[in-house]
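Asker: mmCIF, C-alpha atoms and all ligand atoms, file protein.cif:
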data_coords
loop_
_atom_site.group_PDB
_atom_site.id
_atom_site.type_symbol
_atom_site.label_atom_id
_atom_site.label_comp_id
_atom_site.auth_asym_id
_atom_site.auth_seq_id
_atom_site.Cartn_x
_atom_site.Cartn_y
_atom_site.Cartn_z
ATOM 1 C CA MET A 1 24.809 88.775 -126.025
ATOM 2 C CA THR A 2 24.210 85.293 -124.576
ATOM 3 C CA ARG A 3 26.075 83.517 -121.771
ATOM 4 C CA SER A 4 27.208 79.924 -121.573
ATOM 5 C CA ASN A 5 28.811 79.222 -118.166
ATOM 6 C CA ALA A 6 31.807 81.598 -118.041
ATOM 7 C CA LEU A 7 31.518 82.509 -121.717
ATOM 8 C CA ALA A 8 29.853 85.609 -123.122
ATOM 9 C CA ILE A 9 28.960 85.125 -126.779
ATOM 10 C CA GLU A 10 28.416 88.114 -129.070
ATOM 11 C CA PRO A 11 27.179 87.154 -132.576
ATOM 12 C CA LEU A 12 28.603 89.258 -135.412
ATOM 13 C CA THR A 13 26.157 88.448 -138.229
ATOM 14 C CA PRO A 14 23.023 86.238 -138.457
ATOM 15 C CA ALA A 15 24.845 83.721 -140.682
ATOM 16 C CA ILE A 16 28.348 83.461 -139.296
ATOM 17 C CA GLY A 17 30.779 84.682 -136.655
ATOM 18 C CA ALA A 18 30.745 85.412 -132.917
ATOM 19 C CA VAL A 19 33.174 86.877 -130.399
ATOM 20 C CA LEU A 20 33.652 84.821 -127.226
ATOM 21 C CA ARG A 21 34.691 86.698 -124.097
ATOM 22 C CA GLY A 22 35.819 85.459 -120.703
ATOM 23 C CA VAL A 23 38.321 82.810 -121.863
ATOM 24 C CA ASN A 24 42.092 82.689 -121.451
ATOM 25 C CA LEU A 25 43.289 80.165 -124.028
ATOM 26 C CA SER A 26 46.788 79.961 -122.521
ATOM 27 C CA GLU A 27 45.378 78.155 -119.454
ATOM 28 C CA PRO A 28 44.365 74.484 -119.472
ATOM 29 C CA ALA A 29 40.602 74.447 -120.084
ATOM 30 C CA SER A 30 38.074 72.205 -118.290
ATOM 31 C CA ASP A 31 36.145 69.653 -120.364
ATOM 32 C CA GLY A 32 33.048 71.795 -119.766
ATOM 33 C CA LEU A 33 34.682 74.889 -121.239
ATOM 34 C CA ILE A 34 35.944 72.927 -124.257
ATOM 35 C CA ASP A 35 32.411 71.658 -124.799
ATOM 36 C CA ASP A 36 31.001 75.209 -124.589
ATOM 37 C CA ILE A 37 33.573 76.383 -127.140
ATOM 38 C CA ARG A 38 32.678 73.454 -129.442
ATOM 39 C CA GLN A 39 28.956 74.301 -129.167
ATOM 40 C CA ALA A 40 29.683 77.969 -129.986
ATOM 41 C CA LEU A 41 31.770 76.862 -132.984
ATOM 42 C CA LEU A 42 28.973 74.612 -134.256
ATOM 43 C CA LYS A 43 26.451 77.439 -133.933
ATOM 44 C CA HIS A 44 28.525 80.357 -135.294
ATOM 45 C CA GLN A 45 31.009 78.539 -137.610
ATOM 46 C CA VAL A 46 33.849 80.965 -136.809
ATOM 47 C CA ILE A 47 34.512 82.224 -133.293
ATOM 48 C CA PHE A 48 36.930 84.903 -132.141
ATOM 49 C CA PHE A 49 38.865 85.423 -128.903
ATOM 50 C CA GLU A 50 40.610 88.757 -128.378
ATOM 51 C CA GLY A 51 43.872 89.637 -126.612
ATOM 52 C CA GLN A 52 45.276 86.113 -126.194
ATOM 53 C CA ASP A 53 48.904 85.933 -125.075
ATOM 54 C CA LEU A 54 49.681 82.454 -126.422
ATOM 55 C CA THR A 55 52.939 80.621 -127.064
ATOM 56 C CA PRO A 56 52.988 78.184 -130.009
ATOM 57 C CA ALA A 57 53.008 75.298 -127.482
ATOM 58 C CA GLN A 58 49.912 76.711 -125.728
ATOM 59 C CA GLN A 59 48.132 77.193 -129.068
ATOM 60 C CA SER A 60 48.988 73.624 -129.979
ATOM 61 C CA ALA A 61 47.765 72.312 -126.581
ATOM 62 C CA PHE A 62 44.435 74.137 -126.986
ATOM 63 C CA ALA A 63 44.002 72.859 -130.557
ATOM 64 C CA ARG A 64 44.735 69.264 -129.489
ATOM 65 C CA ARG A 65 41.660 69.334 -127.267
ATOM 66 C CA PHE A 66 39.655 69.118 -130.501
ATOM 67 C CA GLY A 67 41.661 66.409 -132.294
ATOM 68 C CA ASP A 68 44.965 65.459 -133.888
ATOM 69 C CA LEU A 69 46.820 68.186 -135.737
ATOM 70 C CA HIS A 70 47.816 68.315 -139.383
ATOM 71 C CA VAL A 71 51.397 69.169 -140.346
ATOM 72 C CA HIS A 72 51.452 71.076 -143.620
ATOM 73 C CA PRO A 73 53.776 69.479 -146.212
ATOM 74 C CA LEU A 74 54.974 72.801 -147.664
ATOM 75 C CA TYR A 75 54.446 75.833 -145.450
ATOM 76 C CA GLU A 76 56.957 77.136 -142.928
ATOM 77 C CA ARG A 77 56.549 75.610 -139.436
ATOM 78 C CA ASP A 78 57.377 76.881 -135.962
ATOM 79 C CA GLY A 79 60.791 75.515 -134.933
ATOM 80 C CA GLY A 80 59.754 73.662 -131.764
ATOM 81 C CA ASN A 81 56.168 72.944 -132.817
ATOM 82 C CA PRO A 82 55.972 71.637 -136.392
ATOM 83 C CA GLU A 83 52.181 71.395 -136.137
ATOM 84 C CA ILE A 84 52.076 75.210 -135.927
ATOM 85 C CA MET A 85 52.112 76.601 -139.449
ATOM 86 C CA VAL A 86 53.719 80.035 -139.779
ATOM 87 C CA ILE A 87 52.163 82.485 -142.244
ATOM 88 C CA ASP A 88 54.733 85.266 -142.453
ATOM 89 C CA ASN A 89 53.951 87.728 -145.240
ATOM 90 C CA HIS A 90 56.096 90.714 -146.202
ATOM 91 C CA VAL A 91 57.526 92.266 -149.373
ATOM 92 C CA ASP A 92 59.711 89.232 -150.106
ATOM 93 C CA ASN A 93 56.936 86.741 -149.330
ATOM 94 C CA PRO A 94 53.582 88.175 -150.432
ATOM 95 C CA THR A 95 50.395 86.511 -149.279
ATOM 96 C CA ASP A 96 49.130 83.484 -151.234
ATOM 97 C CA ASN A 97 45.975 82.845 -149.214
ATOM 98 C CA ASN A 98 43.915 85.722 -150.624
ATOM 99 C CA PHE A 99 41.588 83.335 -152.480
ATOM 100 C CA TRP A 100 38.438 81.790 -151.062
ATOM 101 C CA HIS A 101 39.227 78.292 -149.816
ATOM 102 C CA THR A 102 38.614 75.613 -147.240
ATOM 103 C CA ASP A 103 41.846 74.378 -145.643
ATOM 104 C CA VAL A 104 43.579 71.195 -146.803
ATOM 105 C CA THR A 105 40.688 69.645 -148.768
ATOM 106 C CA PHE A 106 43.385 67.814 -150.754
ATOM 107 C CA ILE A 107 43.424 64.981 -148.173
ATOM 108 C CA ASP A 108 40.883 62.218 -147.525
ATOM 109 C CA THR A 109 39.964 63.555 -144.088
ATOM 110 C CA PRO A 110 40.141 67.365 -144.352
ATOM 111 C CA PRO A 111 40.447 69.402 -141.138
ATOM 112 C CA MET A 112 37.466 69.903 -138.819
ATOM 113 C CA GLY A 113 38.835 73.308 -137.904
ATOM 114 C CA SER A 114 41.723 75.726 -137.900
ATOM 115 C CA ILE A 115 42.897 78.035 -135.125
ATOM 116 C CA LEU A 116 44.698 81.193 -136.249
ATOM 117 C CA HIS A 117 46.615 83.469 -133.841
ATOM 118 C CA ALA A 118 47.706 87.011 -134.761
ATOM 119 C CA ARG A 119 51.408 87.401 -133.889
ATOM 120 C CA GLN A 120 52.362 90.559 -135.789
ATOM 121 C CA LEU A 121 49.950 92.870 -137.560
ATOM 122 C CA PRO A 122 50.210 95.709 -140.060
ATOM 123 C CA PRO A 123 48.959 99.132 -138.855
ATOM 124 C CA THR A 124 45.803 98.679 -140.956
ATOM 125 C CA GLY A 125 44.568 96.000 -143.352
ATOM 126 C CA GLY A 126 45.279 92.282 -143.334
ATOM 127 C CA ASP A 127 41.699 91.395 -142.337
ATOM 128 C CA THR A 128 40.343 87.884 -142.921
ATOM 129 C CA MET A 129 36.889 87.026 -144.297
ATOM 130 C CA TRP A 130 34.891 83.845 -143.731
ATOM 131 C CA ALA A 131 31.815 82.665 -145.637
ATOM 132 C CA SER A 132 29.189 80.221 -144.381
ATOM 133 C CA MET A 133 28.769 77.281 -146.745
ATOM 134 C CA THR A 134 25.549 76.306 -144.955
ATOM 135 C CA ALA A 135 24.069 79.733 -145.719
ATOM 136 C CA ALA A 136 25.426 79.524 -149.282
ATOM 137 C CA TYR A 137 23.767 76.103 -149.734
ATOM 138 C CA ARG A 138 20.466 77.472 -148.382
ATOM 139 C CA GLY A 139 20.720 80.342 -150.863
ATOM 140 C CA LEU A 140 20.515 77.921 -153.813
ATOM 141 C CA SER A 141 17.219 76.972 -155.462
ATOM 142 C CA ALA A 142 15.844 73.526 -154.584
ATOM 143 C CA PRO A 143 16.517 72.123 -158.111
ATOM 144 C CA MET A 144 20.133 73.329 -157.950
ATOM 145 C CA GLN A 145 20.548 71.816 -154.455
ATOM 146 C CA ARG A 146 19.257 68.446 -155.739
ATOM 147 C CA PHE A 147 21.527 68.587 -158.806
ATOM 148 C CA LEU A 148 24.656 69.323 -156.727
ATOM 149 C CA GLU A 149 23.826 66.668 -154.125
ATOM 150 C CA GLY A 150 24.407 63.956 -156.719
ATOM 151 C CA LEU A 151 27.895 65.156 -157.647
ATOM 152 C CA GLU A 152 31.460 64.525 -156.539
ATOM 153 C CA ALA A 153 34.571 66.626 -157.152
ATOM 154 C CA VAL A 154 38.308 66.079 -157.480
ATOM 155 C CA HIS A 155 40.457 67.998 -154.954
ATOM 156 C CA ASP A 156 44.121 68.165 -155.788
ATOM 157 C CA PHE A 157 47.194 69.443 -153.905
ATOM 158 C CA ALA A 158 49.019 69.959 -157.231
ATOM 159 C CA TYR A 159 46.150 72.102 -158.555
ATOM 160 C CA ALA A 160 46.748 74.635 -155.768
ATOM 161 C CA PHE A 161 50.490 74.327 -155.337
ATOM 162 C CA THR A 162 52.398 74.402 -158.596
ATOM 163 C CA ALA A 163 56.151 73.918 -158.964
ATOM 164 C CA ASP A 164 56.624 77.524 -160.168
ATOM 165 C CA GLY A 165 57.685 79.697 -157.302
ATOM 166 C CA ILE A 166 57.698 76.912 -154.719
ATOM 167 C CA ALA A 167 60.487 74.675 -155.966
ATOM 168 C CA GLY A 168 63.011 77.494 -156.425
ATOM 169 C CA SER A 169 66.025 75.504 -155.189
ATOM 170 C CA GLN A 170 67.038 71.831 -155.326
ATOM 171 C CA ALA A 171 65.859 71.385 -151.703
ATOM 172 C CA GLY A 172 62.632 73.212 -152.571
ATOM 173 C CA ARG A 173 62.057 71.016 -155.615
ATOM 174 C CA GLU A 174 62.628 67.816 -153.633
ATOM 175 C CA LYS A 175 60.264 68.952 -150.865
ATOM 176 C CA TYR A 176 57.625 69.900 -153.439
ATOM 177 C CA GLU A 177 57.890 66.630 -155.372
ATOM 178 C CA LYS A 178 57.691 64.634 -152.139
ATOM 179 C CA ALA A 179 54.569 66.583 -151.140
ATOM 180 C CA VAL A 180 52.914 65.983 -154.535
ATOM 181 C CA ALA A 181 53.691 62.247 -154.350
ATOM 182 C CA ALA A 182 52.295 62.031 -150.806
ATOM 183 C CA ASN A 183 49.091 63.882 -151.753
ATOM 184 C CA PRO A 184 47.436 62.340 -154.830
ATOM 185 C CA PRO A 185 44.021 63.742 -155.891
ATOM 186 C CA VAL A 186 41.050 62.803 -153.683
ATOM 187 C CA ILE A 187 37.291 62.765 -154.262
ATOM 188 C CA HIS A 188 34.770 64.558 -152.026
ATOM 189 C CA PRO A 189 31.034 65.151 -152.393
ATOM 190 C CA VAL A 190 30.131 68.596 -153.777
ATOM 191 C CA ILE A 191 27.595 68.932 -150.960
ATOM 192 C CA ARG A 192 28.604 67.402 -147.637
ATOM 193 C CA THR A 193 26.529 66.781 -144.554
ATOM 194 C CA HIS A 194 28.111 68.312 -141.475
ATOM 195 C CA PRO A 195 28.977 65.356 -139.209
ATOM 196 C CA GLU A 196 27.831 67.102 -136.020
ATOM 197 C CA THR A 197 24.957 69.403 -137.021
ATOM 198 C CA GLY A 198 23.587 67.219 -139.842
ATOM 199 C CA GLU A 199 23.228 70.325 -142.034
ATOM 200 C CA PRO A 200 24.144 70.221 -145.750
ATOM 201 C CA CYS A 201 26.786 72.664 -147.003
ATOM 202 C CA ILE A 202 28.768 73.396 -150.165
ATOM 203 C CA PHE A 203 32.145 71.626 -150.128
ATOM 204 C CA VAL A 204 34.028 72.742 -153.234
ATOM 205 C CA ASN A 205 36.458 75.648 -153.334
ATOM 206 C CA SER A 206 38.409 77.631 -155.916
ATOM 207 C CA VAL A 207 41.858 76.664 -154.631
ATOM 208 C CA PHE A 208 41.816 72.865 -154.313
ATOM 209 C CA THR A 209 38.848 71.683 -156.408
ATOM 210 C CA ARG A 210 40.231 70.779 -159.808
ATOM 211 C CA ARG A 211 36.962 69.616 -161.413
ATOM 212 C CA ILE A 212 33.531 68.142 -160.889
ATOM 213 C CA LYS A 213 33.448 64.472 -161.787
ATOM 214 C CA GLY A 214 31.299 63.270 -164.651
ATOM 215 C CA LEU A 215 30.770 66.712 -166.208
ATOM 216 C CA ARG A 216 32.374 67.903 -169.417
ATOM 217 C CA LYS A 217 35.338 70.241 -168.859
ATOM 218 C CA GLU A 218 33.329 73.349 -169.887
ATOM 219 C CA GLU A 219 30.370 72.307 -167.713
ATOM 220 C CA SER A 220 32.625 71.754 -164.709
ATOM 221 C CA ARG A 221 34.346 75.113 -165.225
ATOM 222 C CA ALA A 222 31.040 76.953 -165.574
ATOM 223 C CA LEU A 223 29.546 75.295 -162.486
ATOM 224 C CA MET A 224 32.663 75.963 -160.394
ATOM 225 C CA ALA A 225 32.707 79.592 -161.585
ATOM 226 C CA PHE A 226 29.061 79.963 -160.539
ATOM 227 C CA LEU A 227 29.640 78.369 -157.096
ATOM 228 C CA ASN A 228 32.864 80.298 -156.468
ATOM 229 C CA THR A 229 30.970 83.551 -157.102
ATOM 230 C CA HIS A 230 27.802 82.498 -155.285
ATOM 231 C CA ILE A 231 29.595 81.712 -151.997
ATOM 232 C CA GLN A 232 30.985 85.264 -151.757
ATOM 233 C CA GLN A 233 27.620 87.008 -151.255
ATOM 234 C CA PRO A 234 27.916 89.495 -148.376
ATOM 235 C CA GLU A 235 24.949 87.875 -146.592
ATOM 236 C CA TYR A 236 27.084 84.740 -146.062
ATOM 237 C CA VAL A 237 30.271 86.583 -145.030
ATOM 238 C CA VAL A 238 31.863 88.028 -141.900
ATOM 239 C CA ARG A 239 34.967 90.224 -142.137
ATOM 240 C CA TRP A 240 37.268 90.270 -139.106
ATOM 241 C CA ARG A 241 39.591 93.146 -138.247
ATOM 242 C CA TRP A 242 42.494 91.636 -136.302
ATOM 243 C CA SER A 243 43.856 93.102 -133.075
ATOM 244 C CA PRO A 244 47.091 91.986 -131.383
ATOM 245 C CA GLY A 245 46.791 88.475 -129.945
ATOM 246 C CA ALA A 246 43.350 87.799 -131.424
ATOM 247 C CA VAL A 247 42.486 84.190 -132.266
ATOM 248 C CA ALA A 248 40.008 82.901 -134.854
ATOM 249 C CA PHE A 249 38.739 79.308 -134.650
ATOM 250 C CA TRP A 250 36.738 78.245 -137.699
ATOM 251 C CA ASP A 251 34.765 75.165 -138.560
ATOM 252 C CA ASN A 252 36.556 74.051 -141.708
ATOM 253 C CA ARG A 253 33.760 71.664 -142.662
ATOM 254 C CA ASN A 254 31.207 74.350 -143.508
ATOM 255 C CA THR A 255 33.154 77.555 -144.157
ATOM 256 C CA GLN A 256 35.563 79.113 -146.622
ATOM 257 C CA HIS A 257 37.920 81.969 -145.840
ATOM 258 C CA ARG A 258 40.402 84.312 -147.488
ATOM 259 C CA ALA A 259 42.968 86.805 -146.270
ATOM 260 C CA VAL A 260 42.737 90.391 -147.537
ATOM 261 C CA ASP A 261 45.938 91.267 -149.378
ATOM 262 C CA ASP A 262 46.191 95.026 -148.739
ATOM 263 C CA PHE A 263 48.963 95.483 -146.165
ATOM 264 C CA LEU A 264 52.302 95.442 -148.023
ATOM 265 C CA PRO A 265 54.932 96.822 -147.465
ATOM 266 C CA HIS A 266 54.063 95.987 -143.842
ATOM 267 C CA ARG A 267 54.592 92.575 -142.299
ATOM 268 C CA ARG A 268 51.855 90.259 -141.041
ATOM 269 C CA VAL A 269 52.644 87.086 -139.079
ATOM 270 C CA MET A 270 49.998 84.518 -138.149
ATOM 271 C CA HIS A 271 50.286 81.075 -136.537
ATOM 272 C CA ARG A 272 47.832 78.352 -137.540
ATOM 273 C CA ALA A 273 47.016 75.055 -135.837
ATOM 274 C CA THR A 274 44.934 72.771 -138.054
ATOM 275 C CA VAL A 275 42.759 70.088 -136.419
ATOM 276 C CA LEU A 276 42.141 66.978 -138.524
ATOM 277 C CA GLY A 277 38.580 65.921 -139.286
ATOM 278 C CA ASP A 278 36.711 63.050 -140.889
ATOM 279 C CA LYS A 279 35.886 61.891 -144.401
ATOM 280 C CA PRO A 280 33.230 64.140 -145.959
ATOM 281 C CA VAL A 281 29.976 62.372 -146.880
ATOM 282 C CA PHE A 282 26.598 63.449 -148.155
ATOM 283 C CA LYS A 283 23.540 61.919 -146.479
ATOM 284 C CA ALA A 284 20.218 62.532 -148.178
ATOM 285 C CA ALA A 285 17.594 64.008 -145.812
ATOM 286 C CA ALA A 286 15.284 61.292 -144.440
HETATM 287 C C1 LIG B 301 44.521 80.799 -143.869
HETATM 288 O O1 LIG B 301 44.270 80.950 -145.062
HETATM 289 O O2 LIG B 301 44.503 79.688 -143.343
HETATM 290 C C2 LIG B 301 44.874 81.991 -143.009
HETATM 291 C C3 LIG B 301 44.108 83.208 -143.328
HETATM 292 C C4 LIG B 301 44.827 84.468 -142.950
HETATM 293 O O3 LIG B 301 46.070 84.508 -142.975
HETATM 294 O O4 LIG B 301 44.148 85.451 -142.658
#
Reformat the file's structure so that it appears as structure tokens.
Ligand code: SIN
Answerer:
Amino acid sequence: MTRSNALAIEPLTPAIGAVLRGVNLSEPASDGLIDDIRQALLKHQVIFFEGQDLTPAQQSAFARRFGDLHVHPLYERDGGNPEIMVIDNHVDNPTDNNFWHTDVTFIDTPPMGSILHARQLPPTGGDTMWASMTAAYRGLSAPMQRFLEGLEAVHDFAYAFTADGIAGSQAGREKYEKAVAANPPVIHPVIRTHPETGEPCIFVNSVFTRRIKGLRKEESRALMAFLNTHIQQPEYVVRWRWSPGAVAFWDNRNTQHRAVDDFLPHRRVMHRATVLGDKPVFKAAA
């Protein structure tokens, strides 16, 4: 365990994940504490805080210390705080986030991070897993790294969210069509350079990446299938068992995550604040 001012930091794996103790996220944090949390996030890619008694407004206030917040065009939102996305899964609304993904890569400036708060948990199950895309990049051979560094990919809202199931009513259809029109496909590099650490990482995911530009359809499919399998290696992954009030804050620029869909018929309710980031770029090493 290491200490940074008031924080105690307990790494969970060599590649990714650490628990931070000694912080109450419901209280306004000093600039120094926010900087310590940012440094821990940069180092460990996903950080966890246990036992946080947070209102949606307090979660939103904490998240805003790191940037502007994204409002999701489709998902349910907290009544008074539309920037808090509500993930409420039960028998009538099974989970749809049990696929490896990076959040909201369908926009030009995908989030720098997401902050997830456990509001209601099943007795067991409902864990979340995160994978380090820096470690996954390092796990590739040098020729494969070079090959991927020259490529760009198409990320598409409509690839992930299809009309079936979402646009069940007239209101649902209108909301869906508005969201599709507001979110046309965007292009991102397949390997991005992290804007703060300067490290390269894989930046395609199975949910939003429709295809790799310039490759034939079969080549793109085969390469995506390889990458989507490669990133799941246990050496790159941390699995988090939630406890009431726990918070996870992940760096969305160099990680992917997925929920574990094993808790029905129980209910699981999570609140997410999503902090906007910058336009992904790849910078060749000097
Ligand atoms: C998410 O996919 O953003 C949330 C993951 C979870 O519900 O565990």
Asker: Which residues sit within 8 Å of ligand LIG 301 (chain B), counting only C-alpha atoms and all ligand atoms, listed as a list of chain:residue names?
Answerer: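 Checking only C-alpha atoms and all ligand atoms against ligand LIG 301 (chain B) at 8 Å gives A:Ile87, A:Thr95, A:Asn97, A:Asn98, A:His101, A:Asp103, A:Ser114, A:Leu116, A:Gly126, A:Asp127, A:Thr128, A:Met129, A:His257, A:Arg258, A:Ala259, A:Val260, A:Met270, A:Arg272.
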Asker: Give me the residues of stretch 10-73 of chain A that have any atom at most 12 Å from an atom of stretch 177-187 of chain A; for each, the nearest atom pair and the distance in Å, rounded to one decimal. Use only C-alpha atoms, sort by chain and number, and format it as JSON lines.
Answerer:
{"residue": "A:Val71", "atom": "CA", "partner": "A:Ala179", "partner_atom": "CA", "distance": 11.5}
{"residue": "A:His72", "atom": "CA", "partner": "A:Ala179", "partner_atom": "CA", "distance": 9.3}
{"residue": "A:Pro73", "atom": "CA", "partner": "A:Ala179", "partner_atom": "CA", "distance": 5.8}
Asker: Please indicate the distance in Å from atom CA of A:Phe263 to atom CA of A:Ala248, rounded to one decimal place.
Answerer: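 We find that atom CA of A:Phe263 and atom CA of A:Ala248 lie 19.1 Å from each other.
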Asker: Contacts of A:Gly22 at 9 Å or less, counting only C-alpha atoms, minus same-chain residues fewer than 3 places along, as an MDAnalysis selection string?
Answerer: chainID A and resid 6:8 49
Asker: Pick out the closest residue to A:Val23 from this set: A:Phe48, A:Lys43, A:His188, A:Asp68. Count all atoms listed in the file.
Answerer: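 When distances to A:Val23 are compared using all atoms listed in the file, the smallest one comes from A:Phe48.
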Asker: In Å, with one decimal, what is the gap from atom CA of A:Leu121 to atom CA of A:Trp242?
Answerer: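 Atom-to-atom, atom CA of A:Leu121 and atom CA of A:Trp242 are spaced 7.7 Å apart.
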Asker: For a test of reading the model, state the distance in Å between atom CA of A:Ala246 and atom CA of A:Leu25, rounded to one decimal.
Answerer: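 Interatomic distance, atom CA of A:Ala246 to atom CA of A:Leu25: 10.6 Å.
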Asker: Near A:Val269, counting all atoms listed in the file, which residues have an atom at most 10 Å away, once you skip same-chain residues fewer than 5 positions from it, shown as a PyMOL selection string?
Answerer: chain A and resi 86-90+117-122+126
Asker: Stretch 215-231 of chain A: which residues within 9 Å, counting only C-alpha atoms, same-chain residues fewer than 4 positions away excluded, as a PDB file with C-alpha atoms, in the frame of the given file?
Answerer:
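Saved result, result.pdb, follows:
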ATOM      1  CA  TRP A 100      38.438  81.790-151.062  1.00  0.00           C
ATOM      2  CA  ALA A 131      31.815  82.665-145.637  1.00  0.00           C
ATOM      3  CA  SER A 132      29.189  80.221-144.381  1.00  0.00           C
ATOM      4  CA  MET A 133      28.769  77.281-146.745  1.00  0.00           C
ATOM      5  CA  ALA A 135      24.069  79.733-145.719  1.00  0.00           C
ATOM      6  CA  ALA A 136      25.426  79.524-149.282  1.00  0.00           C
ATOM      7  CA  TYR A 137      23.767  76.103-149.734  1.00  0.00           C
ATOM      8  CA  GLY A 139      20.720  80.342-150.863  1.00  0.00           C
ATOM      9  CA  LEU A 140      20.515  77.921-153.813  1.00  0.00           C
ATOM     10  CA  ILE A 202      28.768  73.396-150.165  1.00  0.00           C
ATOM     11  CA  VAL A 204      34.028  72.742-153.234  1.00  0.00           C
ATOM     12  CA  ASN A 205      36.458  75.648-153.334  1.00  0.00           C
ATOM     13  CA  SER A 206      38.409  77.631-155.916  1.00  0.00           C
ATOM     14  CA  THR A 209      38.848  71.683-156.408  1.00  0.00           C
ATOM     15  CA  ARG A 211      36.962  69.616-161.413  1.00  0.00           C
ATOM     16  CA  TYR A 236      27.084  84.740-146.062  1.00  0.00           C
ATOM     17  CA  VAL A 237      30.271  86.583-145.030  1.00  0.00           C
ATOM     18  CA  GLN A 256      35.563  79.113-146.622  1.00  0.00           C
TER      19      GLN A 256
END
Asker: Choose the residue, out of A:Phe208, A:Gly277, A:Trp130, A:Ser169, that has the smallest atom-to-atom separation from A:Asp156; count all atoms listed in the file.
Answerer: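 For A:Asp156, the nearest of the given residues is A:Phe208.
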Asker: Complete the atoms of stretch 61-79 of chain A to N, CA and C atoms and put them out as a compact mmCIF listing (two decimals), in the frame of the given file.
Answerer:
# COMPACT_ATOMS: atom_id res chain seq x y z
N ALA A 61 48.45 73.06 -127.65
CA ALA A 61 47.76 72.31 -126.58
C ALA A 61 46.26 72.57 -126.64
N PHE A 62 45.86 73.82 -126.87
CA PHE A 62 44.44 74.14 -126.99
C PHE A 62 43.83 73.40 -128.19
N ALA A 63 44.52 73.48 -129.33
CA ALA A 63 44.00 72.86 -130.56
C ALA A 63 43.85 71.35 -130.38
N ARG A 64 44.78 70.72 -129.67
CA ARG A 64 44.74 69.26 -129.49
C ARG A 64 43.52 68.80 -128.68
N ARG A 65 42.87 69.71 -127.99
CA ARG A 65 41.66 69.33 -127.27
C ARG A 65 40.53 68.99 -128.24
N PHE A 66 40.71 69.36 -129.50
CA PHE A 66 39.66 69.12 -130.50
C PHE A 66 40.02 68.00 -131.48
N GLY A 67 41.26 67.50 -131.40
CA GLY A 67 41.66 66.41 -132.29
C GLY A 67 43.15 66.45 -132.62
N ASP A 68 43.57 65.51 -133.45
CA ASP A 68 44.96 65.46 -133.89
C ASP A 68 45.23 66.61 -134.85
N LEU A 69 46.49 67.02 -134.92
CA LEU A 69 46.82 68.19 -135.74
C LEU A 69 47.50 67.78 -137.04
N HIS A 70 47.22 68.54 -138.06
CA HIS A 70 47.82 68.32 -139.38
C HIS A 70 49.14 69.09 -139.46
N VAL A 71 50.13 68.47 -140.09
CA VAL A 71 51.40 69.17 -140.35
C VAL A 71 51.45 69.45 -141.84
N HIS A 72 51.52 70.73 -142.20
CA HIS A 72 51.45 71.08 -143.62
C HIS A 72 52.73 70.65 -144.34
N PRO A 73 52.59 70.00 -145.53
CA PRO A 73 53.78 69.48 -146.21
C PRO A 73 54.67 70.56 -146.81
N LEU A 74 54.17 71.78 -146.98
CA LEU A 74 54.97 72.80 -147.66
C LEU A 74 55.28 74.03 -146.82
N TYR A 75 54.29 74.53 -146.10
CA TYR A 75 54.45 75.83 -145.45
C TYR A 75 55.47 75.79 -144.32
N GLU A 76 56.01 76.98 -144.04
CA GLU A 76 56.96 77.14 -142.93
C GLU A 76 56.28 76.71 -141.62
N ARG A 77 57.08 76.08 -140.72
CA ARG A 77 56.55 75.61 -139.44
C ARG A 77 57.31 76.28 -138.31
N ASP A 78 56.67 76.38 -137.14
CA ASP A 78 57.38 76.88 -135.96
C ASP A 78 58.46 75.87 -135.58
N GLY A 79 59.65 76.37 -135.23
CA GLY A 79 60.79 75.52 -134.93
C GLY A 79 60.49 74.37 -133.97
